[in-house]
Amino acid sequence: MSSTNVDASKPPGNKYKVADIALIKYDRLLQKDPEEVARLFSACADWGFFYLDLRGEGTKGYIQKVDDLFAASRAYFAQPLEEKLKDTSQDIDIYNICGFKPMGPQGLDSGNMHQKSNGSENLRVPASLVYQPDAPSKLAFPVGMTSHETEFKGFIKESGAMARLILENLSDYLHLEGAQRFEAFHDASEPSTSSAVVQHYPTTNLPPNTSIGHFTHTDTGSITVLFNTEWGLQVHSPVTSEWEYVPPRDGCAIINVGDTLKFLSGLRLRSSLHRVVPFVDGWSSESPSRYACIFFLRAADTAKFTDADGVEWTAAQWLRRKFGSYRQPHEEQKKTTISTGKKGFAGLWDPESKHPADIVV
Ligand SMILES: O=C(O)CCC(=O)C(=O)O
Ligand SMILES: [Fe+2]
C-alpha cells in the first residue's frame, strides 16, 4: 500500500479522533487565489498542520515519484543492519544531516514512551546535493540508495519548490517585503540542513528498550512535506489539548510548520507538537511496517531569528540544540521547552491508559 491510495475518510471503525485540519489545494496556491491563501494562513496559524491536495494533472509525476520512493525505502530498510550502517556519517559535525540513522539505543534518540529509545530508522539525504552539487563537501549520496538517486533528488527538488511556494503565499498574506519575506531566509543557494528523509517504523524485531513509533516533538525547520503509509501520526490539538490522528490521505501531502517559521513569523504561525504511535489495528495487513517520505525545508544555516524567550539563534544553532535535546532522557527534556515547546511536558504515549484519541466517540 502506498501513501497515495489510502483514504482517510474511511478510518478503521470510524471511532478514532481525527484532527480537523484544512485541505488546501496546491493548484490554487500556484494561482495565488486570495481565498485559498487566506485559508492557508489560517491553517498555519490555527493548527500548523494541513493537507495539501495534489490530485491535479500537474502533480501526477510528483505523486508517482513519492510512490517510487516508498518502494525504494521498503527495499532499502529490508537490508541487513550492517549494510545500512555503511551509509552512516559519524564524522559529520551537525547531528544527523546525512545518511542512515539506526533505531533503538544505537540511534541515540529517546522514544515516545518512558525510558524507551526511538522506534524508527531513517535515511537522510541533504538538499545541498541537489542545490550545491559542486560545493566541496564531506556529504555523499548514500551508497545503498544509489539506484534511486534520480527519484530522491527529484523528490527534493519538487518538494522544495512546493514548500517555497507555501512560504511565498504566507509572505504575500502578511505583506512582507524584501529581506523580511520568508523565502529570503530560505535561499536554496545558501548552505542549510534542508533534507529529504525516508523513515521506517517496524512493529517487530525492535532492539531492546525501544518503543514503536516516533518521539514527541515539534519540527525544527520551517515547512515539512510529509507522506506516510499508515495511521499513527498524532497532533496535540491546540483546540482540545488532546492527541488526535492525522491519517494519510489519498493524493495529499501532510504539511506542517516548524519552529523556525513560527519564530520568523513572530509567533503568528504554529509549530504543533506531534508524535507517531503504534496504531497497529489500522495498519495494512500486508505490511507489519509503516513508512514515511519527508522533505524538511529549513532556513539557511546563518539565518537568524528570536525564540519565544527573546533569545537570538541561527538556524544551525537551533538545529544542534534541538537534536541534542532529543537525545536527552525524558526527565531532562521536560526541564526545557526545546523538544516539545512546552516545559514539563514530554507528551509520552502510555498504552496502559486509554488515550483520548483511542476512545470510541
Ligand atoms: O512518520 C510520520 O508520520 C511523522 C514523522 C515526523 O514527524 C518527523 O520525522 O519529523
Ligand atoms: Fe515531525
# chains A, B, ... in the order shown; residues from 1 in each chain; ligands from 1
call {"tool": "closest_atom_pairs", "arguments": {"of": "chain A", "to": "ligand 1", "cutoff": "7 Å", "atoms": "only C-alpha atoms and all ligand atoms", "output": "CSV"}}
result
residue,atom,partner,partner_atom_place_in_ligand_line,distance
A:Gln199,CA,ligand 1,1 (O),6.9
A:His214,CA,ligand 1,5 (C),6.6
A:Asp219,CA,ligand 1,10 (O),5.8
A:Leu226,CA,ligand 1,3 (O),6.9
A:Phe227,CA,ligand 1,3 (O),7.0
A:Asn228,CA,ligand 1,3 (O),5.4
A:Gly232,CA,ligand 1,3 (O),6.8
A:Leu233,CA,ligand 1,3 (O),4.8
A:His274,CA,ligand 1,7 (O),6.3
A:Arg275,CA,ligand 1,7 (O),6.0
A:Val276,CA,ligand 1,2 (C),6.0
A:Tyr291,CA,ligand 1,1 (O),6.8
A:Ala292,CA,ligand 1,1 (O),4.9
call {"tool": "write_last_selection", "arguments": {"atoms": "N, CA, C and O atoms", "output": "compact mmCIF listing (two decimals), in the first residue's frame"}}
result
# COMPACT_ATOMS: atom_id res chain seq x y z
N GLN A 199 11.74 7.08 6.18
CA GLN A 199 11.70 6.58 7.57
C GLN A 199 10.93 5.26 7.63
O GLN A 199 9.93 5.10 6.95
N HIS A 214 7.45 7.23 16.89
CA HIS A 214 8.39 8.36 16.85
C HIS A 214 8.16 9.26 18.06
O HIS A 214 7.02 9.53 18.43
N ASP A 219 8.72 20.23 14.86
CA ASP A 219 9.79 20.18 13.86
C ASP A 219 10.68 21.42 14.00
O ASP A 219 10.23 22.51 14.32
N LEU A 226 5.17 15.90 4.10
CA LEU A 226 5.20 14.53 4.64
C LEU A 226 4.19 13.62 3.94
O LEU A 226 3.05 14.01 3.69
N PHE A 227 4.65 12.41 3.65
CA PHE A 227 3.76 11.34 3.17
C PHE A 227 4.01 10.14 4.07
O PHE A 227 5.17 9.84 4.39
N ASN A 228 2.96 9.44 4.46
CA ASN A 228 3.18 8.21 5.22
C ASN A 228 2.18 7.15 4.79
O ASN A 228 1.19 7.45 4.13
N GLY A 232 -1.07 6.56 12.58
CA GLY A 232 -0.08 6.56 13.66
C GLY A 232 0.35 7.96 14.03
O GLY A 232 0.64 8.25 15.20
N LEU A 233 0.37 8.88 13.04
CA LEU A 233 0.73 10.27 13.34
C LEU A 233 -0.38 10.92 14.15
O LEU A 233 -1.55 10.85 13.78
N HIS A 274 3.77 16.89 17.71
CA HIS A 274 3.25 15.66 17.12
C HIS A 274 4.13 14.47 17.50
O HIS A 274 5.24 14.64 18.02
N ARG A 275 3.63 13.28 17.21
CA ARG A 275 4.34 12.04 17.52
C ARG A 275 3.74 10.93 16.65
O ARG A 275 2.68 11.13 16.03
N VAL A 276 4.38 9.78 16.64
CA VAL A 276 3.81 8.61 15.95
C VAL A 276 3.65 7.50 16.97
O VAL A 276 4.59 7.19 17.72
N TYR A 291 5.89 3.39 6.83
CA TYR A 291 6.96 4.14 6.17
C TYR A 291 6.54 5.59 6.02
O TYR A 291 5.34 5.90 5.91
N ALA A 292 7.53 6.48 6.01
CA ALA A 292 7.25 7.89 5.73
C ALA A 292 8.32 8.42 4.78
O ALA A 292 9.49 8.01 4.86
call {"tool": "residues_around", "arguments": {"residues": "segment 17-27 of chain A", "least_positions_apart": "3", "cutoff": "6 Å", "atoms": "only C-alpha atoms", "output": "tab-separated table (two decimals) with C-alpha atoms, in the first residue's frame"}}
result
chain	number	residue	atom	x	y	z
A	30	LEU	CA	0.03	28.23	-7.64
A	50	PHE	CA	-2.89	20.85	6.86
A	51	TYR	CA	-3.36	18.52	3.90
A	52	LEU	CA	-2.05	19.77	0.57
A	53	ASP	CA	-4.27	18.44	-2.20
A	54	LEU	CA	-2.04	17.25	-5.05
A	244	GLU	CA	-5.76	13.47	17.52
A	245	TYR	CA	-4.84	11.39	14.45
A	246	VAL	CA	-3.66	12.83	11.14
A	357	ALA	CA	-7.58	9.65	20.79
call {"tool": "select_by_dssp", "arguments": {"residues": "segment 94-245 of chain A", "states": "strand (DSSP E or B)", "output": "number ranges by chain"}}
result
A: 99-101, 110, 117, 119, 121-126, 192, 195-202, 210, 213-217, 223-228, 233-236, 243-245
call {"tool": "write_last_selection", "arguments": {"atoms": "C-alpha atoms", "output": "PDB file, in the first residue's frame"}}
result
ATOM      1  CA  GLY A  99      22.971   9.105   5.937  1.00  0.00           C
ATOM      2  CA  PHE A 100      21.437   6.219   7.823  1.00  0.00           C
ATOM      3  CA  LYS A 101      20.349   6.506  11.446  1.00  0.00           C
ATOM      4  CA  SER A 110      14.718   8.942  23.270  1.00  0.00           C
ATOM      5  CA  SER A 117      14.542   4.590  22.749  1.00  0.00           C
ATOM      6  CA  GLY A 119      11.497   3.170  17.217  1.00  0.00           C
ATOM      7  CA  GLU A 121      15.263   4.091  11.483  1.00  0.00           C
ATOM      8  CA  ASN A 122      15.829   6.574   8.716  1.00  0.00           C
ATOM      9  CA  LEU A 123      17.930   7.621   5.779  1.00  0.00           C
ATOM     10  CA  ARG A 124      18.556  11.311   5.195  1.00  0.00           C
ATOM     11  CA  VAL A 125      19.766  12.991   2.011  1.00  0.00           C
ATOM     12  CA  PRO A 126      20.777  16.657   2.224  1.00  0.00           C
ATOM     13  CA  SER A 192      21.262  24.717   5.031  1.00  0.00           C
ATOM     14  CA  SER A 195      16.900  17.421   3.564  1.00  0.00           C
ATOM     15  CA  ALA A 196      14.740  14.527   2.469  1.00  0.00           C
ATOM     16  CA  VAL A 197      14.230  11.569   4.776  1.00  0.00           C
ATOM     17  CA  VAL A 198      12.752   8.131   4.309  1.00  0.00           C
ATOM     18  CA  GLN A 199      11.697   6.582   7.567  1.00  0.00           C
ATOM     19  CA  HIS A 200      10.792   3.029   8.600  1.00  0.00           C
ATOM     20  CA  TYR A 201       8.713   2.084  11.654  1.00  0.00           C
ATOM     21  CA  PRO A 202       8.802  -1.681  12.201  1.00  0.00           C
ATOM     22  CA  THR A 210      12.730   0.562  22.090  1.00  0.00           C
ATOM     23  CA  GLY A 213       6.741   4.952  16.641  1.00  0.00           C
ATOM     24  CA  HIS A 214       8.393   8.362  16.853  1.00  0.00           C
ATOM     25  CA  PHE A 215       9.171  10.589  19.839  1.00  0.00           C
ATOM     26  CA  THR A 216       7.053  13.638  20.615  1.00  0.00           C
ATOM     27  CA  HIS A 217       8.457  16.803  19.058  1.00  0.00           C
ATOM     28  CA  ILE A 223       7.971  23.635   6.291  1.00  0.00           C
ATOM     29  CA  THR A 224       7.688  19.836   6.377  1.00  0.00           C
ATOM     30  CA  VAL A 225       6.214  17.965   3.393  1.00  0.00           C
ATOM     31  CA  LEU A 226       5.198  14.532   4.641  1.00  0.00           C
ATOM     32  CA  PHE A 227       3.757  11.340   3.172  1.00  0.00           C
ATOM     33  CA  ASN A 228       3.185   8.212   5.219  1.00  0.00           C
ATOM     34  CA  LEU A 233       0.735  10.266  13.339  1.00  0.00           C
ATOM     35  CA  GLN A 234      -0.959  12.267  16.083  1.00  0.00           C
ATOM     36  CA  VAL A 235      -1.022  16.010  16.614  1.00  0.00           C
ATOM     37  CA  HIS A 236      -1.582  17.580  20.003  1.00  0.00           C
ATOM     38  CA  TRP A 243      -3.916  13.797  20.830  1.00  0.00           C
ATOM     39  CA  GLU A 244      -5.756  13.466  17.521  1.00  0.00           C
ATOM     40  CA  TYR A 245      -4.836  11.393  14.454  1.00  0.00           C
TER      41      TYR A 245
END
call {"tool": "atom_distance", "arguments": {"atom1": "atom CA of Asp134 of chain A", "atom2": "atom CA of His148 of chain A"}}
result
20.1 Å
call {"tool": "closest_residue", "arguments": {"among": "A:Gln115, A:Ser339, A:Gln328, A:Cys44", "to": "ligand 2", "atoms": "only C-alpha atoms and all ligand atoms"}}
result
A:Ser339
call {"tool": "residues_around", "arguments": {"residues": "Leu129 of chain A", "least_positions_apart": "4", "cutoff": "10 Å", "atoms": "only C-alpha atoms", "output": "list in words"}}
result
Val125, Pro133, Asp134, Ala135, Ser137, Leu139, Ala140, Phe141, Lys153, Ile156 and Ser195 of chain A
call {"tool": "atom_distance", "arguments": {"atom1": "atom CA of Asn118 of chain A", "atom2": "atom CA of Pro207 of chain A"}}
result
9.8 Å
call {"tool": "atom_distance", "arguments": {"atom1": "atom CA of Asp68 of chain A", "atom2": "atom CA of Phe295 of chain A"}}
result
15.1 Å
